[in-house]
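**Student:** This is the structure I have questions about; it appears just below.
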Amino acid sequence: MENKAALDKDKIIPERMAVLKSLPVEVKQQLTGEEAQAFLYGEELPTDLAKKLKDYIVDDGE
């Protein structure tokens, strides 16, 4: 992950942190700090991040 931003640990969704940690190294290396933060905080995913994670995201119908 490039551009490491300071994370607010109180806002991080623990399940998302576990998912982020379980991603292959080559995928994690492509993530920017902003993308990782959006994912960890449950924010709307930037288009580029959604593309990077397309093989790992399951649509839950929401």
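Order determines the names: the first chain of the structure tokens is A, the second B, and so forth; residues in each chain are numbered 1 upward, and ligands are numbered 1 upward as they are shown.
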Using DSSP on the backbone coordinates, identify all residues within chain A classified as alpha helix (DSSP H); present the result as a list in words.

**Tutor:**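 Matching residues, listed in order: Pro14, Glu15, Arg16, Met17, Ala18, Val19, Leu20, Lys21, Ser22, Val25, Glu26, Val27, Lys28, Gly33, Glu34, Glu35, Ala36, Gln37, Ala38, Phe39, Leu40, Tyr41, Thr47, Asp48, Leu49, Ala50, Lys51 and Lys52 of chain A.
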
**Student:** Any idea what's packed within 10 Å of region 41-46 of chain A, counting only C-alpha atoms, ignoring anything in its chain fewer than 3 positions away? Could you give it as a list in words?

**Tutor:**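 Once the adjacent positions are removed, what remains is Leu7, Asp8, Lys9, Asp10, Lys11, Ile12, Ile13, Pro14, Arg16, Met17, Glu34, Glu35, Ala36, Gln37, Ala38, Leu49, Ala50, Lys51 and Leu53 of chain A.
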
**Student:** Counting only C-alpha atoms, figure out which residue out of A:Val58, A:Gly33, A:Leu40, A:Thr47 gets nearest to Lys21 (chain A).

**Tutor:**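 Nearest candidate to Lys21 (chain A) out of A:Val58, A:Gly33, A:Leu40, A:Thr47: A:Leu40.
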
**Student:** Find the residues around region 23-26 of chain A up to 10 Å (only C-alpha atoms counted), leave out those fewer than 3 positions away in its own chain, and share them as a tab-separated table (two decimals) with N, CA and C atoms, in the first residue's frame.

**Tutor:**
chain	number	residue	atom	x	y	z
A	1	MET	N	0.85	-1.18	0.00
A	1	MET	CA	0.00	0.00	0.00
A	1	MET	C	0.89	1.23	0.00
A	18	ALA	N	-9.38	-7.94	8.61
A	18	ALA	CA	-9.01	-9.34	8.40
A	18	ALA	C	-8.97	-9.67	6.91
A	19	VAL	N	-9.94	-9.17	6.16
A	19	VAL	CA	-9.97	-9.41	4.72
A	19	VAL	C	-8.77	-8.75	4.06
A	20	LEU	N	-8.48	-7.51	4.42
A	20	LEU	CA	-7.35	-6.80	3.83
A	20	LEU	C	-6.05	-7.56	4.09
A	29	GLN	N	-0.10	-4.51	-2.55
A	29	GLN	CA	0.90	-3.55	-3.01
A	29	GLN	C	0.32	-2.54	-4.00
A	30	GLN	N	-0.79	-2.87	-4.63
A	30	GLN	CA	-1.43	-1.97	-5.59
A	30	GLN	C	-2.32	-0.94	-4.92
A	31	LEU	N	-2.68	-1.14	-3.66
A	31	LEU	CA	-3.63	-0.27	-2.98
A	31	LEU	C	-2.97	1.02	-2.50
A	53	LEU	N	-10.16	-5.15	-6.62
A	53	LEU	CA	-10.70	-6.19	-5.73
A	53	LEU	C	-11.81	-7.02	-6.36
A	56	TYR	N	-12.33	-10.55	-5.52
A	56	TYR	CA	-12.45	-10.86	-4.11
A	56	TYR	C	-13.74	-10.34	-3.48
